[in-house]
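Student: This one is final-v3.cif, mmCIF, C-alpha atoms.
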data_upload
#
loop_
_atom_site.label_atom_id
_atom_site.label_comp_id
_atom_site.auth_asym_id
_atom_site.auth_seq_id
_atom_site.Cartn_x
_atom_site.Cartn_y
_atom_site.Cartn_z
CA MET N 92 -31.05 -34.27 -34.57
CA ASN N 93 -30.77 -36.64 -37.51
CA LEU N 94 -32.89 -35.54 -40.45
CA PRO N 95 -34.28 -37.92 -43.09
CA SER N 96 -31.96 -38.20 -46.09
CA THR N 97 -34.83 -37.23 -48.43
CA LEU N 98 -35.04 -33.78 -46.77
CA LEU N 99 -31.35 -32.97 -47.03
CA PRO N 100 -31.40 -31.83 -50.72
CA ALA N 101 -34.43 -29.59 -50.04
CA ILE N 102 -32.83 -28.06 -46.94
CA LYS N 103 -29.61 -27.46 -48.86
CA THR N 104 -31.55 -25.71 -51.65
CA VAL N 105 -33.45 -23.51 -49.17
CA LYS N 106 -30.21 -22.54 -47.45
CA LEU N 107 -28.63 -21.68 -50.78
CA PHE N 108 -31.65 -19.60 -51.83
CA THR N 109 -31.74 -17.82 -48.45
CA GLY N 110 -28.07 -16.96 -48.69
CA ALA N 111 -28.56 -15.62 -52.21
CA LEU N 112 -31.55 -13.53 -51.03
CA LEU N 113 -29.58 -11.96 -48.17
CA LEU N 114 -26.71 -11.18 -50.51
CA ILE N 115 -29.08 -9.51 -53.00
CA LEU N 116 -30.75 -7.43 -50.27
CA LEU N 117 -27.37 -6.31 -48.97
CA THR N 118 -26.32 -5.37 -52.51
CA VAL N 119 -29.45 -3.36 -53.39
CA VAL N 120 -29.43 -1.52 -50.04
CA LEU N 121 -25.79 -0.62 -50.55
CA GLN N 122 -26.68 0.52 -54.07
CA ASP N 123 -29.42 2.79 -52.67
CA LEU N 124 -26.94 4.23 -50.16
CA LEU N 125 -24.38 5.02 -52.85
CA HIS N 126 -27.07 6.48 -55.11
CA ALA N 127 -28.29 8.76 -52.27
CA GLN N 128 -24.80 10.00 -51.52
CA ARG N 129 -24.05 10.66 -55.19
CA ASN N 130 -27.27 12.64 -55.72
CA HIS N 131 -27.09 14.40 -52.34
CA TYR N 132 -30.35 13.26 -50.75
CA SER N 133 -31.01 11.55 -47.44
CA PHE N 134 -30.85 7.78 -47.18
CA HIS N 135 -33.34 5.85 -45.02
CA LEU N 136 -32.58 2.20 -44.42
CA SER N 137 -36.21 1.35 -43.56
CA GLU N 138 -37.47 2.77 -46.86
CA SER N 139 -34.76 1.01 -48.83
CA LEU N 140 -35.68 -2.32 -47.23
CA LEU N 141 -39.39 -1.68 -47.81
CA PHE N 142 -39.03 -0.92 -51.52
CA ASN N 143 -36.59 -3.78 -52.07
CA SER N 144 -38.75 -6.24 -50.16
CA TYR N 145 -40.03 -7.60 -53.49
CA TRP N 146 -36.94 -9.83 -53.49
CA CYS N 147 -38.33 -11.59 -50.40
CA TRP N 148 -41.42 -12.62 -52.35
CA PHE N 149 -39.23 -14.59 -54.76
CA PHE N 150 -38.17 -16.68 -51.78
CA ILE N 151 -41.78 -17.23 -50.65
CA VAL N 152 -42.92 -18.23 -54.15
CA PHE N 153 -39.92 -20.56 -54.35
CA LEU N 154 -41.08 -22.36 -51.20
CA LEU N 155 -44.62 -22.63 -52.64
CA LYS N 156 -43.53 -23.53 -56.19
CA ASP N 157 -44.57 -27.20 -55.95
CA PHE N 158 -48.06 -26.19 -54.82
CA PHE N 159 -48.45 -23.73 -57.71
CA LEU N 160 -47.06 -26.16 -60.29
CA LYS N 161 -49.42 -28.95 -59.25
CA LYS N 162 -52.42 -26.61 -59.31
CA ILE N 163 -51.45 -25.29 -62.74
CA ASN N 164 -51.07 -28.76 -64.26
CA ARG N 165 -54.46 -29.81 -62.92
CA PHE N 166 -56.10 -27.07 -64.98
CA LEU N 167 -54.10 -27.77 -68.13
CA ALA N 168 -55.82 -30.30 -70.35
CA HIS N 169 -52.57 -31.66 -71.81
CA PRO N 170 -49.69 -30.27 -69.72
CA LYS N 171 -46.42 -29.74 -71.54
CA THR N 172 -43.23 -28.29 -70.12
CA TYR N 173 -43.47 -25.04 -72.09
CA MET N 174 -47.16 -24.61 -71.13
CA THR N 175 -46.31 -25.08 -67.46
CA VAL N 176 -43.44 -22.59 -67.64
CA ILE N 177 -45.57 -19.93 -69.37
CA ALA N 178 -48.54 -20.36 -67.02
CA PHE N 179 -46.33 -20.40 -63.92
CA THR N 180 -44.42 -17.28 -65.05
CA ILE N 181 -47.60 -15.30 -65.76
CA ILE N 182 -49.44 -16.30 -62.57
CA ALA N 183 -46.41 -15.87 -60.29
CA THR N 184 -45.59 -12.46 -61.83
CA ILE N 185 -49.14 -11.13 -61.41
CA LEU N 186 -49.46 -12.40 -57.83
CA HIS N 187 -46.02 -11.09 -56.94
CA ALA N 188 -46.76 -7.58 -58.28
CA LEU N 189 -50.15 -7.42 -56.54
CA VAL N 190 -49.01 -8.79 -53.19
CA TYR N 191 -45.89 -6.64 -53.15
CA SER N 192 -47.86 -3.46 -53.96
CA ILE N 193 -50.48 -4.20 -51.32
CA THR N 194 -47.85 -5.09 -48.70
CA VAL N 195 -45.82 -1.93 -49.28
CA SER N 196 -48.94 0.22 -49.25
CA LEU N 197 -50.28 -1.25 -46.01
CA THR N 198 -46.88 -1.22 -44.29
CA SER N 199 -46.31 2.42 -45.19
CA TYR N 200 -49.82 3.31 -44.00
CA TYR N 201 -49.36 1.77 -40.53
CA PHE N 202 -45.64 2.26 -39.87
CA TYR N 203 -44.47 5.24 -41.95
CA GLU N 204 -45.33 8.93 -41.91
CA GLY N 205 -46.34 8.97 -45.54
CA SER N 206 -48.31 6.18 -47.20
CA TYR N 207 -48.02 4.90 -50.75
CA ASN N 208 -51.10 4.34 -52.88
CA ILE N 209 -51.65 0.74 -54.08
CA SER N 210 -52.32 1.73 -57.69
CA LYS N 211 -49.22 3.95 -57.80
CA MET N 212 -47.08 1.18 -56.28
CA LEU N 213 -48.46 -1.29 -58.83
CA GLY N 214 -47.67 1.11 -61.66
CA TYR N 215 -44.17 1.68 -60.28
CA THR N 216 -43.58 -2.07 -59.96
CA ILE N 217 -44.74 -2.79 -63.51
CA SER N 218 -42.64 -0.02 -65.01
CA GLN N 219 -39.47 -0.66 -62.98
CA ASP N 220 -39.25 -4.32 -61.94
CA ILE N 221 -41.58 -6.45 -64.09
CA TYR N 222 -38.71 -7.77 -66.23
CA LYS N 223 -37.05 -9.16 -63.09
CA TYR N 224 -40.21 -11.05 -62.15
CA ILE N 225 -40.58 -12.55 -65.60
CA PHE N 226 -36.94 -13.61 -65.78
CA VAL N 227 -36.77 -15.18 -62.30
CA TYR N 228 -40.07 -17.05 -62.59
CA ALA N 229 -39.33 -18.24 -66.11
CA VAL N 230 -36.06 -19.74 -64.89
CA MET N 231 -37.80 -21.23 -61.86
CA GLY N 232 -40.48 -22.72 -64.10
CA ILE N 233 -37.92 -24.24 -66.47
CA VAL N 234 -35.91 -25.77 -63.63
CA TYR N 235 -38.82 -27.10 -61.57
CA GLY N 236 -41.78 -27.13 -63.97
CA ARG N 237 -41.20 -30.60 -65.39
CA ARG N 238 -41.49 -32.16 -61.95
CA GLY N 239 -45.14 -31.15 -61.75
CA ILE N 240 -46.08 -32.77 -65.05
CA PRO N 241 -47.50 -36.28 -64.68
CA GLN N 242 -45.32 -38.49 -66.83
CA LYS N 243 -46.92 -41.12 -69.01
CA LYS N 244 -45.74 -44.50 -67.98
CA GLU N 245 -44.38 -46.51 -70.83
CA ILE N 246 -46.26 -49.77 -71.09
CA ILE N 247 -43.82 -52.51 -71.89
CA PRO N 248 -45.57 -55.59 -73.26
CA ALA N 249 -44.83 -58.66 -71.26
CA THR N 250 -42.60 -61.05 -73.14
CA PHE N 251 -43.54 -64.66 -72.74
CA ILE N 252 -40.51 -66.70 -71.83
CA GLU N 253 -41.02 -70.40 -72.12
CA PRO N 254 -39.64 -72.00 -68.98
CA PHE N 255 -36.91 -74.60 -69.28
CA THR N 256 -38.05 -78.13 -68.50
CA GLU N 257 -35.85 -81.04 -67.53
CA CYS N 258 -35.35 -83.35 -70.48
CA SER N 259 -34.51 -87.03 -70.68
CA THR N 260 -33.03 -86.87 -74.16
CA ILE N 261 -31.19 -84.29 -76.24
CA VAL N 262 -31.66 -84.03 -80.00
CA VAL N 263 -28.27 -83.52 -81.63
CA ALA N 264 -28.38 -82.32 -85.23
CA ASN N 265 -25.63 -83.29 -87.66
CA GLY N 266 -26.52 -81.97 -91.09
CA ARG N 267 -29.76 -83.65 -92.05
CA ASN N 268 -29.35 -86.34 -89.41
CA ASN N 269 -30.82 -85.96 -85.91
CA THR N 270 -29.59 -88.18 -83.09
CA LEU N 271 -31.25 -88.74 -79.75
CA VAL N 272 -28.75 -88.79 -76.90
CA ALA N 273 -30.03 -90.11 -73.58
CA VAL N 274 -29.27 -87.68 -70.75
CA ALA N 275 -28.53 -90.60 -68.42
CA ASP N 276 -25.69 -91.73 -70.75
CA ILE N 277 -23.86 -88.37 -70.65
CA LEU N 278 -20.67 -88.38 -68.55
CA PHE N 279 -19.83 -84.70 -68.90
CA ILE N 280 -20.34 -81.71 -71.18
CA LYS N 281 -17.53 -79.37 -72.20
CA SER N 282 -17.50 -76.06 -74.00
CA ALA N 283 -16.22 -76.36 -77.57
CA THR N 284 -16.91 -72.89 -78.96
CA PRO N 285 -19.12 -72.31 -80.88
CA TYR N 286 -20.58 -75.67 -79.76
CA ILE N 287 -20.70 -77.83 -76.66
CA ALA N 288 -19.41 -81.39 -76.62
CA LEU N 289 -21.60 -84.10 -75.07
CA HIS N 290 -19.33 -86.92 -73.89
CA THR N 291 -20.73 -90.41 -73.35
CA ALA N 292 -18.79 -93.59 -72.60
CA SER N 293 -18.67 -94.50 -76.29
CA LYS N 294 -19.00 -91.28 -78.31
CA THR N 295 -18.77 -87.50 -78.33
CA TYR N 296 -21.47 -85.32 -79.90
CA LEU N 297 -21.20 -81.67 -80.92
CA HIS N 298 -24.34 -79.74 -80.11
CA THR N 299 -25.44 -76.18 -80.92
CA GLU N 300 -26.17 -74.86 -77.43
CA THR N 301 -24.52 -73.00 -74.55
CA LEU N 302 -23.43 -74.44 -71.24
CA ARG N 303 -25.75 -72.10 -69.38
CA SER N 304 -28.86 -73.01 -71.36
CA ILE N 305 -28.19 -76.76 -71.42
CA LEU N 306 -27.60 -76.78 -67.66
CA GLN N 307 -31.06 -75.31 -67.12
CA GLN N 308 -32.61 -78.20 -69.06
CA LEU N 309 -30.77 -80.99 -67.27
CA PRO N 310 -31.81 -82.55 -63.93
CA SER N 311 -30.46 -80.13 -61.31
CA GLY N 312 -29.54 -82.76 -58.74
CA GLN N 313 -27.70 -84.84 -61.31
CA PHE N 314 -25.80 -82.39 -63.52
CA ILE N 315 -23.68 -79.67 -61.94
CA GLN N 316 -21.05 -77.25 -63.17
CA VAL N 317 -17.54 -77.98 -61.89
CA HIS N 318 -15.61 -75.52 -64.06
CA LYS N 319 -16.46 -72.47 -66.16
CA SER N 320 -16.29 -74.73 -69.22
CA THR N 321 -17.47 -78.09 -67.81
CA ILE N 322 -20.66 -79.75 -66.56
CA ILE N 323 -20.60 -83.29 -65.16
CA ASN N 324 -23.09 -86.04 -64.43
CA ILE N 325 -22.44 -86.53 -60.72
CA GLU N 326 -23.96 -90.02 -60.83
CA LYS N 327 -21.05 -91.08 -63.06
CA VAL N 328 -18.37 -89.86 -60.64
CA VAL N 329 -16.10 -92.66 -59.43
CA SER N 330 -13.81 -90.62 -57.18
CA PHE N 331 -12.10 -87.25 -56.75
CA LYS N 332 -8.78 -86.17 -55.25
CA SER N 333 -7.19 -82.90 -54.27
CA ARG N 334 -4.52 -81.14 -56.31
CA LEU N 335 -3.29 -79.49 -53.07
CA ASN N 336 -3.98 -76.02 -54.49
CA GLY N 337 -7.72 -75.82 -53.86
CA ASP N 338 -8.68 -77.60 -57.11
CA TYR N 339 -9.56 -81.29 -57.52
CA ASP N 340 -9.44 -84.05 -60.14
CA ILE N 341 -12.72 -85.89 -60.72
CA GLN N 342 -12.65 -89.42 -62.17
CA LEU N 343 -15.49 -90.12 -64.61
CA GLY N 344 -14.92 -93.60 -66.03
CA GLN N 345 -11.77 -93.25 -68.15
CA HIS N 346 -11.93 -89.45 -68.10
CA GLN N 347 -10.38 -87.09 -65.57
CA ILE N 348 -12.11 -83.73 -65.13
CA ARG N 349 -10.83 -80.69 -63.27
CA LEU N 350 -12.97 -79.40 -60.39
CA SER N 351 -12.39 -75.69 -59.82
CA ARG N 352 -12.15 -74.45 -56.22
CA ASN N 353 -15.06 -72.06 -56.90
CA TYR N 354 -17.42 -74.97 -57.57
CA ALA N 355 -15.92 -77.42 -55.05
CA PRO N 356 -18.25 -76.71 -52.06
CA HIS N 357 -21.41 -77.41 -54.06
CA PHE N 358 -19.93 -80.54 -55.64
CA LYS N 359 -18.82 -81.93 -52.27
CA LYS N 360 -22.24 -81.36 -50.77
CA LEU N 361 -24.01 -83.20 -53.59
CA PHE N 362 -21.40 -85.98 -53.66
CA ASP N 363 -21.73 -86.54 -49.89
CA ASN N 364 -25.56 -86.63 -50.16
CA ARG N 365 -25.29 -89.13 -53.01
CA SER N 366 -22.86 -91.30 -51.05
CA SER N 367 -25.06 -91.35 -47.94
CA ALA N 368 -28.25 -92.08 -49.89
#
Show this structure as structure tokens.
Tutor:
Amino acid sequence: MNLPSTLLPAIKTVKLFTGALLLILLTVVLQDLLHAQRNHYSFHLSESLLFNSYWCWFFIVFLLKDFFLKKINRFLAHPKTYMTVIAFTIIATILHALVYSITVSLTSYYFYEGSYNISKMLGYTISQDIYKYIFVYAVMGIVYGRRGIPQKKEIIPATFIEPFTECSTIVVANGRNNTLVAVADILFIKSATPYIALHTASKTYLHTETLRSILQQLPSGQFIQVHKSTIINIEKVVSFKSRLNGDYDIQLGQHQIRLSRNYAPHFKKLFDNRSSA
């Protein structure tokens, strides 16, 4: 049976925790056996398992940890990680001690010859094992407590981005002089770091812009990129021919421009549409 991928981490964690629990139970039972032999008193496996059954309650609380953490954070006015850990540790420790004492007392009453008083079991648990409860639940709270805290979502102010609009002229600044260059007169545009060069039939203008940004402002069906450093006005194309290596040479008036193989399919499509129009 294929399980959802979201359940796999949880199943893996439960298996790991179950394996650790069985190993602990085996260890403490073996410890009781060795202690009985050393001190020359009888060893009873059922009693050893009964008194060490408090380890099983760690497993049960682990399975219910998300439920407890959510309930705790609902009652906390301003939940913080340390508050969640402290509250979870205290509540889980108290419940564990009470439930364990009651369970042992009832089990011994119905299934054993001698029964154990609840108050005496509670006193024994507090005096002998309380530090284990606090340690385990504190660690559990630190590891899993933050997941139960509702995180404040950071509100990121929307940044207004002015959309690019197709332009008919480009203002080229040269010192204090500003020149209007008609977009229709541009043959091609080449990168000339840190500028771009606007080539017309009669003159070349240096402009403070990037190829990417200028391409977004030019008519999309008229100006296309044919190389990583070149944009052309496809309406000015006279012809193009193959270099026999995947690249092409485009003739723009008296200028010859290289067409890179990466941009060739788009260029051919637009050129064919223009020719058939």
Student: Take the PyMOL selection byres ((chain N and resi 345) around 12), apply it to the structure above, and return the hits as a PyMOL selection string.
Tutor: chain N and resi 278-279+290-293+327-330+341-344+346-348
Student: Please enumerate the residues selected by the PyMOL selection byres ((chain N and resi 175) around 9) when evaluated against the supplied file, formatted as a ChimeraX atom specification.
Tutor: /N:160,163-164,167,170-174,176-180,232-233,236-237,239-240
Student: Select, counting all atoms listed in the file, all protein, DNA and RNA residues no farther than 9 Å from (-45.0, -14.0, -64.0) in file coordinates, and express the selection as a PyMOL selection string.
Tutor: chain N and resi 177-188+221+224-229
Student: Name every residue that the PyMOL selection byres ((chain N and resi 354) around 10) selects in this structure, writing the answer as a compact mmCIF listing (two decimals) with C-alpha atoms, in the frame of the given file with chains first and numbers rising.
Tutor:
# COMPACT_ATOMS: atom_id res chain seq x y z
CA ILE N 315 -23.68 -79.67 -61.94
CA GLN N 316 -21.05 -77.25 -63.17
CA VAL N 317 -17.54 -77.98 -61.89
CA HIS N 318 -15.61 -75.52 -64.06
CA LYS N 319 -16.46 -72.47 -66.16
CA ASP N 338 -8.68 -77.60 -57.11
CA LEU N 350 -12.97 -79.40 -60.39
CA SER N 351 -12.39 -75.69 -59.82
CA ARG N 352 -12.15 -74.45 -56.22
CA ASN N 353 -15.06 -72.06 -56.90
CA ALA N 355 -15.92 -77.42 -55.05
CA PRO N 356 -18.25 -76.71 -52.06
CA HIS N 357 -21.41 -77.41 -54.06
CA PHE N 358 -19.93 -80.54 -55.64
CA LYS N 359 -18.82 -81.93 -52.27
Student: Edge lengths and centre, in Å to one decimal, as AutoDock Vina command-line options: that's what I need for the box along x, y and z that holds all listed atoms of region 333-350 of chain N plus 6 Å on each side.
Tutor:
--center_x -9.4 --center_y -84.7 --center_z -60.6 --size_x 24.2 --size_y 29.8 --size_z 27.1
Student: CA of Gly110 (chain N) to CA of Glu138 (chain N): how many Å, to one decimal?
Tutor: 21.9 Å
Student: Hey, can you check how far CA of Arg129 (chain N) sits from CA of Ile115 (chain N)?
Tutor: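 Interatomic distance, CA of Arg129 (chain N) to CA of Ile115 (chain N): 20.9 Å.
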Student: For each of N:Gln307, N:Gly266, N:Phe142, N:Phe159, take the minimum atom-to-atom distance to Met212 (chain N), counting only C-alpha atoms, then give the residue where this is smallest.
Tutor: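 Once distances to Met212 (chain N) are computed over only C-alpha atoms, the minimum belongs to N:Phe142.
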Student: Could you check which of N:Ile325, N:Cys147, N:Leu309, N:Ile217 is closest to Thr194 (chain N), using all atoms listed in the file?
Tutor: N:Cys147
Student: For region 136-147 of chain N, supply all heavy atoms and report the output as a CSV table (one decimal), in the frame of the given file.
Tutor:
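What landed in selection-v7.csv:
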chain,number,residue,atom,x,y,z
N,136,LEU,N,-32.7,3.7,-44.3
N,136,LEU,CA,-32.6,2.2,-44.4
N,136,LEU,C,-33.9,1.5,-44.5
N,136,LEU,O,-34.2,0.6,-45.2
N,136,LEU,CB,-31.8,1.7,-43.2
N,136,LEU,CG,-31.6,0.1,-43.2
N,136,LEU,CD1,-30.9,-0.4,-44.4
N,136,LEU,CD2,-30.8,-0.3,-41.9
N,137,SER,N,-34.9,2.0,-43.6
N,137,SER,CA,-36.2,1.4,-43.6
N,137,SER,C,-36.9,1.5,-44.9
N,137,SER,O,-37.6,0.5,-45.4
N,137,SER,CB,-37.0,2.0,-42.5
N,137,SER,OG,-37.2,3.4,-42.7
N,138,GLU,N,-36.8,2.6,-45.6
N,138,GLU,CA,-37.5,2.8,-46.9
N,138,GLU,C,-36.8,1.9,-47.9
N,138,GLU,O,-37.5,1.3,-48.8
N,138,GLU,CB,-37.4,4.2,-47.3
N,138,GLU,CG,-38.4,5.1,-46.5
N,138,GLU,CD,-38.5,6.5,-47.1
N,138,GLU,OE1,-37.8,6.8,-48.1
N,138,GLU,OE2,-39.2,7.3,-46.5
N,139,SER,N,-35.5,1.8,-47.9
N,139,SER,CA,-34.8,1.0,-48.8
N,139,SER,C,-35.2,-0.5,-48.7
N,139,SER,O,-35.4,-1.1,-49.7
N,139,SER,CB,-33.2,1.2,-48.6
N,139,SER,OG,-32.5,0.3,-49.5
N,140,LEU,N,-35.3,-0.9,-47.5
N,140,LEU,CA,-35.7,-2.3,-47.2
N,140,LEU,C,-37.1,-2.5,-47.7
N,140,LEU,O,-37.5,-3.6,-48.2
N,140,LEU,CB,-35.5,-2.7,-45.8
N,140,LEU,CG,-34.1,-2.8,-45.3
N,140,LEU,CD1,-34.1,-3.1,-43.7
N,140,LEU,CD2,-33.4,-4.0,-46.0
N,141,LEU,N,-38.0,-1.6,-47.4
N,141,LEU,CA,-39.4,-1.7,-47.8
N,141,LEU,C,-39.5,-1.8,-49.3
N,141,LEU,O,-40.3,-2.7,-49.8
N,141,LEU,CB,-40.2,-0.5,-47.3
N,141,LEU,CG,-41.7,-0.5,-47.6
N,141,LEU,CD1,-42.4,-1.6,-47.0
N,141,LEU,CD2,-42.3,0.9,-47.2
N,142,PHE,N,-38.9,-0.9,-50.1
N,142,PHE,CA,-39.0,-0.9,-51.5
N,142,PHE,C,-38.3,-2.1,-52.2
N,142,PHE,O,-38.7,-2.5,-53.3
N,142,PHE,CB,-38.5,0.4,-52.1
N,142,PHE,CG,-39.5,1.5,-52.1
N,142,PHE,CD1,-39.5,2.4,-51.0
N,142,PHE,CD2,-40.4,1.7,-53.1
N,142,PHE,CE1,-40.5,3.4,-50.9
N,142,PHE,CE2,-41.4,2.7,-53.0
N,142,PHE,CZ,-41.4,3.6,-51.9
N,143,ASN,N,-37.3,-2.6,-51.5
N,143,ASN,CA,-36.6,-3.8,-52.1
N,143,ASN,C,-37.1,-5.1,-51.5
N,143,ASN,O,-36.5,-6.2,-51.8
N,143,ASN,CB,-35.1,-3.7,-51.8
N,143,ASN,CG,-34.4,-2.6,-52.6
N,143,ASN,OD1,-34.5,-2.6,-53.8
N,143,ASN,ND2,-33.8,-1.6,-52.0
N,144,SER,N,-38.2,-5.0,-50.7
N,144,SER,CA,-38.8,-6.2,-50.2
N,144,SER,C,-39.4,-7.2,-51.2
N,144,SER,O,-39.7,-8.3,-50.9
N,144,SER,CB,-39.8,-5.9,-49.1
N,144,SER,OG,-40.9,-5.2,-49.7
N,145,TYR,N,-39.5,-6.7,-52.5
N,145,TYR,CA,-40.0,-7.6,-53.5
N,145,TYR,C,-39.1,-8.8,-53.7
N,145,TYR,O,-39.6,-9.9,-54.2
N,145,TYR,CB,-40.3,-6.8,-54.8
N,145,TYR,CG,-39.0,-6.3,-55.5
N,145,TYR,CD1,-38.3,-7.1,-56.4
N,145,TYR,CD2,-38.5,-5.0,-55.3
N,145,TYR,CE1,-37.2,-6.7,-57.0
N,145,TYR,CE2,-37.4,-4.6,-55.9
N,145,TYR,CZ,-36.7,-5.4,-56.8
N,145,TYR,OH,-35.6,-4.9,-57.4
N,146,TRP,N,-37.8,-8.7,-53.4
N,146,TRP,CA,-36.9,-9.8,-53.5
N,146,TRP,C,-37.3,-11.0,-52.5
N,146,TRP,O,-37.2,-12.1,-52.8
N,146,TRP,CB,-35.5,-9.4,-53.2
N,146,TRP,CG,-34.9,-8.6,-54.3
N,146,TRP,CD1,-34.7,-7.2,-54.2
N,146,TRP,CD2,-34.4,-9.0,-55.5
N,146,TRP,NE1,-34.1,-6.8,-55.4
N,146,TRP,CE2,-33.9,-7.9,-56.2
N,146,TRP,CE3,-34.3,-10.2,-56.2
N,146,TRP,CZ2,-33.4,-7.9,-57.5
N,146,TRP,CZ3,-33.8,-10.3,-57.4
N,146,TRP,CH2,-33.3,-9.2,-58.1
N,147,CYS,N,-37.9,-10.6,-51.4
N,147,CYS,CA,-38.3,-11.6,-50.4
N,147,CYS,C,-39.5,-12.5,-50.9
N,147,CYS,O,-39.6,-13.6,-50.6
N,147,CYS,CB,-38.8,-10.9,-49.1
N,147,CYS,SG,-37.5,-10.0,-48.3
